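Peer 1: Here you go, my_file-v6.cif (mmCIF, C-alpha atoms):
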data_work
#
loop_
_atom_site.label_atom_id
_atom_site.label_comp_id
_atom_site.auth_asym_id
_atom_site.auth_seq_id
_atom_site.Cartn_x
_atom_site.Cartn_y
_atom_site.Cartn_z
CA MET A 1 0.21 -15.79 -5.77
CA GLU A 2 -1.51 -13.92 -2.97
CA LEU A 3 -2.31 -10.21 -3.38
CA LEU A 4 -1.62 -8.37 -0.12
CA ALA A 5 -2.93 -4.80 0.22
CA PRO A 6 -2.28 -2.07 2.81
CA ALA A 7 -4.89 -1.24 5.46
CA GLY A 8 -3.97 2.06 7.08
CA ASN A 9 -7.32 2.27 8.86
CA LEU A 10 -10.69 0.53 8.92
CA GLU A 11 -11.98 2.34 5.82
CA LYS A 12 -8.89 1.41 3.82
CA LEU A 13 -9.11 -2.19 5.04
CA LYS A 14 -12.66 -2.47 3.75
CA THR A 15 -11.65 -0.75 0.50
CA ALA A 16 -8.81 -3.22 -0.08
CA VAL A 17 -11.16 -6.14 0.56
CA ARG A 18 -13.84 -4.78 -1.79
CA PHE A 19 -11.34 -4.20 -4.59
CA GLY A 20 -9.92 -7.70 -4.58
CA ALA A 21 -7.18 -8.21 -1.99
CA ASP A 22 -6.56 -11.80 -0.89
CA ALA A 23 -5.14 -10.45 2.37
CA VAL A 24 -4.59 -7.10 4.10
CA TYR A 25 -1.94 -5.96 6.54
CA CYS A 26 -2.60 -3.47 9.31
CA GLY A 27 -0.69 -1.94 12.20
CA GLY A 28 -1.07 -3.18 15.74
CA GLY A 29 -1.60 -0.25 18.09
CA ALA A 30 1.62 1.69 18.63
CA PHE A 31 3.78 -1.27 17.62
CA SER A 32 4.02 -1.11 13.85
CA LEU A 33 6.28 0.87 11.55
CA ARG A 34 3.49 3.30 10.65
CA ALA A 35 2.30 3.75 14.20
CA PRO A 36 1.18 7.40 14.50
CA ASP A 37 -1.33 7.51 11.65
CA THR A 38 -2.26 3.92 10.95
CA ALA A 39 -2.58 2.29 14.37
CA PHE A 40 -5.59 -0.01 14.74
CA SER A 41 -7.44 -0.02 18.02
CA LEU A 42 -8.60 -3.44 19.13
CA GLU A 43 -12.19 -2.37 18.44
CA ASP A 44 -11.41 -1.42 14.84
CA LEU A 45 -9.30 -4.53 14.42
CA ALA A 46 -12.21 -6.70 15.56
CA GLU A 47 -14.54 -5.08 13.01
CA GLY A 48 -11.90 -5.30 10.31
CA VAL A 49 -11.27 -9.00 10.91
CA ARG A 50 -15.01 -9.73 10.79
CA PHE A 51 -15.44 -7.80 7.54
CA ALA A 52 -12.39 -9.37 5.90
CA HIS A 53 -13.31 -12.91 6.89
CA ASP A 54 -16.88 -12.41 5.72
CA HIS A 55 -15.37 -11.69 2.30
CA LYS A 56 -12.85 -14.55 2.47
CA CYS A 57 -9.89 -12.20 2.97
CA ARG A 58 -7.06 -12.76 5.47
CA VAL A 59 -5.75 -10.21 7.98
CA TYR A 60 -2.07 -9.90 8.91
CA LEU A 61 -1.12 -7.78 11.92
CA ALA A 62 2.17 -5.85 11.91
CA LEU A 63 3.90 -5.75 15.31
CA ASN A 64 7.28 -4.95 13.83
CA ILE A 65 8.81 -1.96 15.59
CA PHE A 66 12.35 -2.34 16.87
CA ALA A 67 11.28 -2.93 20.45
CA PHE A 68 12.88 -1.86 23.72
CA ASP A 69 12.38 -3.80 26.95
CA ASP A 70 9.69 -1.32 27.96
CA ASP A 71 7.66 -2.24 24.87
CA LEU A 72 7.55 -6.02 25.17
CA GLU A 73 4.87 -6.49 27.81
CA ALA A 74 2.40 -4.14 26.09
CA MET A 75 3.17 -5.66 22.67
CA LEU A 76 2.56 -9.13 24.01
CA GLN A 77 -0.74 -8.09 25.59
CA TYR A 78 -1.89 -6.52 22.30
CA TYR A 79 -0.88 -9.70 20.48
CA ARG A 80 -2.86 -11.90 22.88
CA GLU A 81 -5.99 -9.84 22.38
CA ALA A 82 -5.53 -9.62 18.61
CA ALA A 83 -5.04 -13.39 18.39
CA GLY A 84 -8.36 -13.80 20.16
CA LEU A 85 -10.02 -11.64 17.49
CA GLY A 86 -9.04 -14.09 14.76
CA ILE A 87 -6.15 -12.48 12.89
CA ASP A 88 -4.50 -14.87 10.43
CA ALA A 89 -0.83 -13.98 10.93
CA VAL A 90 1.47 -11.64 12.81
CA ILE A 91 4.34 -9.74 11.16
CA ILE A 92 7.41 -9.54 13.44
CA SER A 93 10.91 -8.07 13.18
CA ASP A 94 12.30 -8.42 16.70
CA PRO A 95 13.79 -11.87 17.55
CA GLY A 96 13.07 -11.43 21.26
CA PHE A 97 9.42 -10.74 20.58
CA LEU A 98 9.37 -13.71 18.20
CA MET A 99 10.59 -15.94 21.02
CA LEU A 100 7.84 -14.64 23.33
CA VAL A 101 5.18 -15.18 20.67
CA ASN A 102 6.35 -18.76 20.10
CA GLU A 103 6.03 -19.49 23.82
CA LEU A 104 2.32 -18.60 23.71
CA GLU A 105 1.65 -21.30 21.09
CA TYR A 106 -1.29 -19.65 19.36
CA ASP A 107 -2.34 -21.29 16.11
CA LEU A 108 -1.21 -18.31 14.07
CA LYS A 109 1.22 -17.97 11.21
CA ILE A 110 4.33 -15.89 11.83
CA HIS A 111 5.63 -13.63 9.07
CA LEU A 112 9.09 -12.09 9.25
CA SER A 113 9.22 -8.39 8.37
CA THR A 114 11.35 -7.02 5.56
CA GLN A 115 13.10 -4.97 8.26
CA VAL A 116 15.04 -8.11 9.18
CA ASN A 117 16.56 -7.90 5.66
CA THR A 118 16.73 -11.63 4.89
CA MET A 119 18.88 -12.00 1.78
CA ASN A 120 20.01 -15.64 1.49
CA SER A 121 18.80 -19.21 1.81
CA GLU A 122 20.78 -19.96 4.97
CA GLY A 123 19.12 -17.01 6.66
CA VAL A 124 15.75 -18.36 5.54
CA LYS A 125 16.60 -21.76 7.04
CA PHE A 126 17.58 -20.10 10.32
CA TRP A 127 14.26 -18.28 10.62
CA GLN A 128 12.43 -21.43 9.60
CA LYS A 129 13.89 -23.14 12.67
CA GLN A 130 12.55 -20.27 14.81
CA GLY A 131 8.99 -21.04 13.74
CA VAL A 132 8.61 -18.49 10.93
CA ASP A 133 6.09 -19.46 8.22
CA ARG A 134 6.67 -16.65 5.72
CA ILE A 135 9.51 -14.23 5.06
CA VAL A 136 9.09 -10.79 3.54
CA LEU A 137 12.41 -10.71 1.73
CA ALA A 138 14.82 -7.79 1.70
CA ARG A 139 14.02 -5.30 -1.04
CA GLU A 140 17.62 -5.40 -2.29
CA LEU A 141 17.25 -8.81 -3.96
CA SER A 142 16.96 -9.47 -7.68
CA LEU A 143 14.36 -11.93 -8.98
CA ASP A 144 17.18 -14.37 -9.81
CA GLN A 145 18.27 -14.24 -6.17
CA VAL A 146 14.69 -14.74 -5.00
CA ARG A 147 14.42 -17.76 -7.29
CA ALA A 148 17.63 -19.25 -5.89
CA ILE A 149 16.30 -18.94 -2.33
CA LYS A 150 12.99 -20.59 -3.25
CA GLU A 151 14.78 -23.47 -4.97
CA LYS A 152 16.89 -24.13 -1.86
CA VAL A 153 14.05 -23.69 0.68
CA PRO A 154 10.88 -24.52 -1.31
CA GLU A 155 8.68 -25.04 1.74
CA MET A 156 9.12 -21.46 3.00
CA GLU A 157 6.56 -18.90 1.83
CA LEU A 158 8.24 -15.85 0.28
CA GLU A 159 6.64 -12.42 0.04
CA VAL A 160 7.98 -9.37 -1.82
CA PHE A 161 6.92 -5.77 -2.32
CA VAL A 162 5.72 -5.09 -5.85
CA HIS A 163 4.30 -1.57 -5.76
CA GLY A 164 4.62 1.73 -3.93
CA ALA A 165 7.12 4.02 -2.27
CA MET A 166 10.61 2.69 -1.63
CA CYS A 167 12.93 3.61 1.23
CA MET A 168 16.46 4.64 0.30
CA ALA A 169 17.90 2.86 3.35
CA TYR A 170 18.88 -0.80 3.59
CA SER A 171 15.56 -2.65 3.87
CA GLY A 172 14.07 0.44 5.47
CA ARG A 173 16.51 0.49 8.39
CA CYS A 174 17.24 4.20 8.58
CA LEU A 175 18.52 6.65 11.18
CA LEU A 176 18.14 9.88 9.20
CA SER A 177 14.78 10.83 10.68
CA SER A 178 15.94 9.99 14.20
CA PHE A 179 19.15 11.98 13.78
CA LEU A 180 17.62 15.07 12.14
CA SER A 181 14.29 15.31 13.94
CA SER A 182 14.35 12.80 16.83
CA ARG A 183 11.64 10.73 15.15
CA SER A 184 12.72 7.12 14.72
CA ALA A 185 11.82 5.39 11.46
CA ASN A 186 12.30 2.08 13.24
CA ARG A 187 9.49 2.94 15.63
CA GLY A 188 6.93 4.17 13.13
CA GLU A 189 7.71 7.90 13.24
CA CYS A 190 9.69 8.61 10.05
CA ASN A 191 9.19 12.08 8.57
CA GLN A 192 11.05 11.17 5.34
CA PRO A 193 14.11 13.45 5.42
CA CYS A 194 15.39 11.38 2.48
CA ARG A 195 12.87 13.36 0.40
CA TRP A 196 14.36 16.70 1.44
CA GLU A 197 16.47 18.89 -0.81
CA TYR A 198 20.22 18.70 -0.18
CA SER A 199 23.41 20.33 -1.37
CA LEU A 200 27.05 19.27 -1.08
CA LYS A 201 29.86 21.34 0.46
CA GLU A 202 33.55 20.42 0.49
CA LYS A 203 34.97 21.08 3.96
CA LYS A 204 38.01 23.18 3.00
CA ARG A 205 36.32 25.32 0.37
CA GLU A 206 34.11 28.33 0.90
CA ASP A 207 31.95 27.68 -2.12
CA GLU A 208 29.00 25.33 -1.94
CA PHE A 209 28.54 22.92 -4.83
CA THR A 210 25.24 21.41 -5.80
CA ILE A 211 25.43 17.82 -6.92
CA GLN A 212 23.74 18.65 -10.20
CA GLU A 213 23.67 21.97 -11.98
CA ASP A 214 20.49 23.21 -10.40
CA ALA A 215 20.21 26.34 -8.29
CA ARG A 216 17.59 24.71 -6.09
CA GLY A 217 19.81 21.84 -4.98
CA THR A 218 19.03 18.20 -5.63
CA TYR A 219 17.19 15.27 -4.12
CA ILE A 220 20.04 12.79 -3.87
CA LEU A 221 18.25 10.28 -1.60
CA ASN A 222 14.81 10.47 -3.21
CA SER A 223 13.68 7.01 -4.36
CA ARG A 224 11.30 6.43 -7.24
CA ASP A 225 8.18 4.32 -6.69
CA LEU A 226 8.30 0.59 -7.28
CA CYS A 227 6.00 -0.84 -9.97
CA MET A 228 6.10 -4.48 -11.08
CA ILE A 229 2.76 -4.69 -12.91
CA GLU A 230 4.55 -5.54 -16.18
CA HIS A 231 6.42 -8.48 -14.61
CA ILE A 232 3.82 -10.80 -13.08
CA PRO A 233 5.12 -13.91 -14.96
CA GLU A 234 8.69 -13.22 -13.79
CA LEU A 235 7.53 -12.93 -10.18
CA ALA A 236 5.71 -16.24 -10.49
CA ALA A 237 8.75 -17.89 -12.09
CA ALA A 238 10.86 -16.76 -9.15
CA GLY A 239 8.60 -18.71 -6.80
CA VAL A 240 7.04 -15.73 -5.02
CA ASP A 241 4.02 -16.59 -2.86
CA GLY A 242 2.84 -13.12 -1.87
CA LEU A 243 2.78 -9.80 -3.75
CA LYS A 244 2.72 -6.87 -1.34
CA ILE A 245 1.49 -3.36 -2.12
CA GLU A 246 3.08 -0.62 -0.01
CA GLY A 247 0.95 2.26 1.23
CA ARG A 248 -0.72 2.23 4.66
CA MET A 249 -0.30 6.03 4.73
CA LYS A 250 -1.93 6.47 1.29
CA THR A 251 -5.57 7.30 0.53
CA ALA A 252 -8.47 4.91 0.08
CA TYR A 253 -8.36 5.88 -3.60
CA TYR A 254 -4.76 4.67 -3.87
CA VAL A 255 -5.66 1.39 -2.16
CA ALA A 256 -8.68 0.86 -4.41
CA ALA A 257 -7.02 1.71 -7.71
CA VAL A 258 -3.76 -0.17 -7.17
CA THR A 259 -5.44 -3.25 -5.70
CA LYS A 260 -7.94 -3.31 -8.57
CA VAL A 261 -5.19 -3.24 -11.21
CA TYR A 262 -3.04 -5.95 -9.65
CA ARG A 263 -6.14 -8.07 -9.05
CA ALA A 264 -7.01 -7.85 -12.75
CA ALA A 265 -3.46 -8.75 -13.77
CA LEU A 266 -3.24 -11.70 -11.37
CA ASP A 267 -6.65 -13.04 -12.37
CA SER A 268 -5.66 -12.86 -16.03
CA PHE A 269 -2.35 -14.58 -15.34
CA HIS A 270 -3.80 -17.38 -13.24
CA ALA A 271 -6.63 -17.99 -15.73
CA ASP A 272 -4.25 -18.75 -18.60
CA ARG A 273 -0.55 -18.60 -17.82
CA LYS A 274 0.49 -19.91 -21.22
CA ASN A 275 -1.28 -17.18 -23.17
CA TYR A 276 -1.03 -14.39 -20.60
CA CYS A 277 -0.38 -10.98 -22.08
CA PHE A 278 0.26 -7.72 -20.27
CA THR A 279 -2.42 -5.09 -20.84
CA PRO A 280 -0.95 -1.56 -21.24
CA GLY A 281 -4.13 -0.09 -19.76
CA TRP A 282 -3.14 -1.49 -16.35
CA LEU A 283 -0.01 0.66 -16.26
CA GLU A 284 -1.92 3.69 -17.48
CA GLU A 285 -4.44 3.22 -14.67
CA LEU A 286 -1.65 3.05 -12.08
CA LYS A 287 -0.28 6.32 -13.46
CA ARG A 288 -3.63 7.95 -12.66
CA VAL A 289 -2.88 7.45 -8.96
CA SER A 290 -0.59 9.93 -7.20
CA HIS A 291 2.96 8.56 -7.64
CA ARG A 292 6.60 9.29 -8.27
CA PRO A 293 8.22 8.02 -11.48
CA PHE A 294 8.21 4.23 -11.55
CA THR A 295 11.10 1.78 -11.32
CA THR A 296 11.56 -1.98 -11.03
CA GLY A 297 14.05 -1.37 -8.22
CA PHE A 298 16.57 -4.15 -7.69
CA TYR A 299 14.50 -6.96 -9.23
CA LEU A 300 15.75 -6.69 -12.81
CA PRO A 301 19.35 -5.40 -12.72
CA GLU A 302 19.78 -6.08 -16.43
CA ARG A 303 17.32 -3.25 -17.12
CA LYS A 304 19.55 -0.78 -15.28
CA ASP A 305 16.49 1.12 -14.10
CA GLN A 306 17.10 4.48 -12.49
CA THR A 307 15.98 4.12 -8.87
CA GLU A 308 16.40 7.72 -7.67
CA ARG A 309 14.72 10.94 -8.78
CA TYR A 310 17.08 13.87 -8.43
CA GLU A 311 15.06 16.82 -9.67
CA SER A 312 12.07 16.77 -7.31
CA SER A 313 10.44 14.84 -4.48
CA ALA A 314 6.94 15.90 -5.55
CA TYR A 315 4.30 13.41 -6.57
CA ILE A 316 2.91 13.18 -10.11
CA ARG A 317 -0.77 13.83 -9.51
CA GLY A 318 -3.17 13.63 -12.44
CA TYR A 319 -6.41 12.88 -10.60
CA ASP A 320 -8.06 13.98 -7.38
CA PHE A 321 -9.94 11.63 -5.06
CA VAL A 322 -13.24 13.50 -4.64
CA GLY A 323 -15.52 11.06 -2.84
CA THR A 324 -17.20 7.71 -2.39
CA VAL A 325 -20.57 6.49 -3.57
CA ASP A 326 -23.12 6.36 -0.77
CA GLU A 327 -26.05 5.18 -2.86
CA HIS A 328 -27.14 4.78 -6.47
CA ASN A 329 -30.89 5.00 -6.97
CA ARG A 330 -31.31 3.70 -10.51
CA GLU A 331 -35.06 4.09 -10.47
CA GLU A 332 -34.82 7.82 -9.75
CA GLN A 333 -31.50 8.14 -11.59
CA VAL A 334 -29.71 9.80 -8.68
CA LEU A 335 -26.18 9.16 -7.44
CA ARG A 336 -25.42 10.12 -3.83
CA ILE A 337 -21.78 10.95 -3.08
CA LYS A 338 -19.92 11.57 0.17
CA ALA A 339 -17.42 14.22 -0.92
CA ARG A 340 -13.76 14.16 0.10
CA ASN A 341 -12.52 16.99 -2.11
CA ARG A 342 -14.06 19.68 -4.24
CA PHE A 343 -15.90 18.97 -7.45
CA ALA A 344 -18.27 21.29 -9.30
CA VAL A 345 -21.09 21.52 -11.80
CA GLY A 346 -19.65 20.86 -15.24
CA ASP A 347 -17.04 18.37 -14.03
CA GLU A 348 -16.72 14.88 -15.41
CA LEU A 349 -16.32 12.28 -12.66
CA GLU A 350 -14.76 8.84 -13.05
CA ILE A 351 -16.01 5.99 -10.87
CA LEU A 352 -13.95 2.95 -9.86
CA ASP A 353 -16.47 0.24 -9.04
CA PRO A 354 -15.12 -2.97 -7.45
CA ALA A 355 -17.80 -4.91 -9.30
CA ARG A 356 -16.77 -3.66 -12.75
CA GLU A 357 -13.63 -3.84 -14.83
CA GLU A 358 -14.29 -0.61 -16.73
CA VAL A 359 -14.16 2.91 -15.33
CA LEU A 360 -17.59 4.57 -15.37
CA ILE A 361 -18.07 8.22 -16.44
CA VAL A 362 -20.61 10.56 -14.84
CA LYS A 363 -21.23 14.15 -15.96
CA VAL A 364 -22.14 16.58 -13.19
CA ARG A 365 -25.01 18.71 -14.47
CA GLN A 366 -26.48 19.45 -11.03
CA ILE A 367 -25.35 19.17 -7.42
CA ILE A 368 -28.07 19.01 -4.76
CA SER A 369 -27.48 18.93 -1.01
CA SER A 370 -28.96 15.64 0.21
CA GLY A 371 -29.97 17.26 3.50
CA SER A 372 -31.54 20.57 2.48
CA GLY A 373 -32.28 20.02 -1.20
CA GLU A 374 -30.36 23.21 -1.98
CA GLN A 375 -28.82 23.58 -5.41
CA LEU A 376 -25.02 23.93 -5.14
CA ASP A 377 -22.34 25.09 -7.52
CA ALA A 378 -19.77 22.74 -5.94
CA ALA A 379 -19.38 20.03 -3.33
CA HIS A 380 -16.61 20.16 -0.73
CA ASN A 381 -15.06 17.83 1.81
CA SER A 382 -17.69 16.21 4.10
CA TYR A 383 -20.65 17.28 1.92
CA VAL A 384 -23.22 14.60 1.09
CA VAL A 385 -24.74 15.46 -2.27
CA ASP A 386 -27.04 14.05 -4.92
CA ILE A 387 -26.06 14.05 -8.60
CA PRO A 388 -29.04 13.60 -10.99
CA LEU A 389 -28.13 11.25 -13.83
CA THR A 390 -31.13 11.91 -16.07
CA GLY A 391 -30.22 11.14 -19.65
CA GLN A 392 -27.06 9.27 -18.71
CA ASP A 393 -27.10 5.57 -19.42
CA ASN A 394 -25.32 4.24 -16.34
CA PRO A 395 -25.32 0.66 -15.06
CA ALA A 396 -25.79 -0.04 -11.36
CA ILE A 397 -22.99 1.54 -9.31
CA SER A 398 -21.84 -0.20 -6.14
CA LYS A 399 -21.93 1.48 -2.76
CA GLN A 400 -18.45 2.62 -1.63
CA SER A 401 -17.19 2.92 -5.20
CA ILE A 402 -14.36 5.46 -5.51
CA VAL A 403 -15.03 8.76 -7.28
CA ARG A 404 -12.21 10.77 -8.87
CA ARG A 405 -11.82 13.84 -11.05
CA LYS A 406 -9.05 14.72 -13.48
CA SER A 407 -6.92 17.48 -11.95
#
Can you turn what I pasted into structure tokens?
Peer 2:
Amino acid sequence: MELLAPAGNLEKLKTAVRFGADAVYCGGGAFSLRAPDTAFSLEDLAEGVRFAHDHKCRVYLALNIFAFDDDLEAMLQYYREAAGLGIDAVIISDPGFLMLVNELEYDLKIHLSTQVNTMNSEGVKFWQKQGVDRIVLARELSLDQVRAIKEKVPEMELEVFVHGAMCMAYSGRCLLSSFLSSRSANRGECNQPCRWEYSLKEKKREDEFTIQEDARGTYILNSRDLCMIEHIPELAAAGVDGLKIEGRMKTAYYVAAVTKVYRAALDSFHADRKNYCFTPGWLEELKRVSHRPFTTGFYLPERKDQTERYESSAYIRGYDFVGTVDEHNREEQVLRIKARNRFAVGDELEILDPAREEVLIVKVRQIISSGSGEQLDAAHNSYVVDIPLTGQDNPAISKQSIVRRKS
């Protein structure tokens, strides 16, 4: 099974590649469903494709907005240029745009977006006839239903989401944001009104009733986060070809940590399927990343997992992403860090190294500005600082490792 990680920008693309993704997916200009904050310029896309291919990782380009006539010419031009850069597949939702792409006859795979909400084998056969090579199935399917589709259309590649935020709407097709704030979710502009706090009022009564007994109201549309790390064998048994991590809007830390965990689980599974055993530490590591309570969504209906969280839309945040490793000078025992958030003398930092399975621990006894040599009490966002490691027995630490601190 392929591990597909989110690439919200060039840094996150490189992070996903370093931490073990088989493929990454990124947004094409203004034409993907995360357009405002995750749009790749052609220049960044070119660099990203080169980096990914140098590390034997594939790049899939999302051009999956619900397009108007005014969009098609610019989308097609972006696609032409992206195809010339060497992308491995394009992710499409609009059938008209699919027809135009097929007419160009580039040697590229075509993936059908989950927004098309494909839910049965006859639908899969239809899209197969339109030249689609892989379908990202609707999120509303159980694993038994996925298995039935694969058995009836075994030659079609099937991809499913396995981790990250879930949309409360049918396969993500939602009008709430457009209706309440004139920002269309189907054109990459969702501001997540499903996470807002609501109350319920009966039309003919003066009193307002909350849906639960809570003076603050309740979050009736607020989905939990999907997490299928405990069910890798079941996903394989269902015939899934690609495991997709949600999160192009998330941090590089999220991308690194989640990709690293699923990579470890998949490698363990593929190495010895017969004796594969889930490691509880994988789930604990995922809980160290900012998240909402986990659920298996629709995949395992027999579990009767709760899919909504009614009391709050806030994230559970146990660790802060505080920086990346710029250099580790083992001879001088100095670790150079590019800070993203505050950390201070006396803190204990944890380092996620793509080259190591274990999490490394570093104690901050001094912080020195790498530019001026000044002793600092704390590092802040954009600081570049040196951390002396004298007396700490640390192995070599890879450049671009992720540094975090317990909140």
Peer 1: Quick one: apply the PyMOL selection byres ((chain A and resi 345) around 8) to the file and drop the selected residues here as a PyMOL selection string.
Peer 2: chain A and resi 343-344+346-347+364-367+377-378
Peer 1: Quick one: distance from atom CA of A:Ser32 to atom CA of A:Leu4 in Å, one decimal?
Peer 2: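 Computed distance, atom CA of A:Ser32 to atom CA of A:Leu4, equals 16.7 Å.
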Peer 1: Could you write out as a count of residues only the residues that the PyMOL selection byres ((chain A and resi 51-54) around 12) matches in the shown file?
Peer 2: 36
Peer 1: Compare A:Trp196, A:Asn64, A:Cys190, A:Ala148 by their minimum atom-to-atom distance to A:Val136, counting only C-alpha atoms, and give me the closest one.
Peer 2: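 Counting only C-alpha atoms, the residue closest to A:Val136 is A:Asn64.
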Peer 1: Which residues, written as a PyMOL selection string, have at least one atom at most 6 Å from A:Gly28, with all atoms listed in the file counted and residues fewer than 4 positions away on the same chain left out?
Peer 2: chain A and resi 32+39-40+61-63
Peer 1: Residues within 6 Å of (2.0, -18.5, 9.4), file coordinates, counting only C-alpha atoms: what are they? Give the list as a compact mmCIF listing (two decimals) with C-alpha atoms, in the frame of the given file.
Peer 2:
# COMPACT_ATOMS: atom_id res chain seq x y z
CA ALA A 89 -0.83 -13.98 10.93
CA LEU A 108 -1.21 -18.31 14.07
CA LYS A 109 1.22 -17.97 11.21
CA ILE A 110 4.33 -15.89 11.83
CA ASP A 133 6.09 -19.46 8.22
Peer 1: Expand the PyMOL selection byres ((chain A and resi 380) around 8) into the explicit residue set it covers here, and present it as a ChimeraX atom specification.
Peer 2: /A:339-343,378-379,381-383
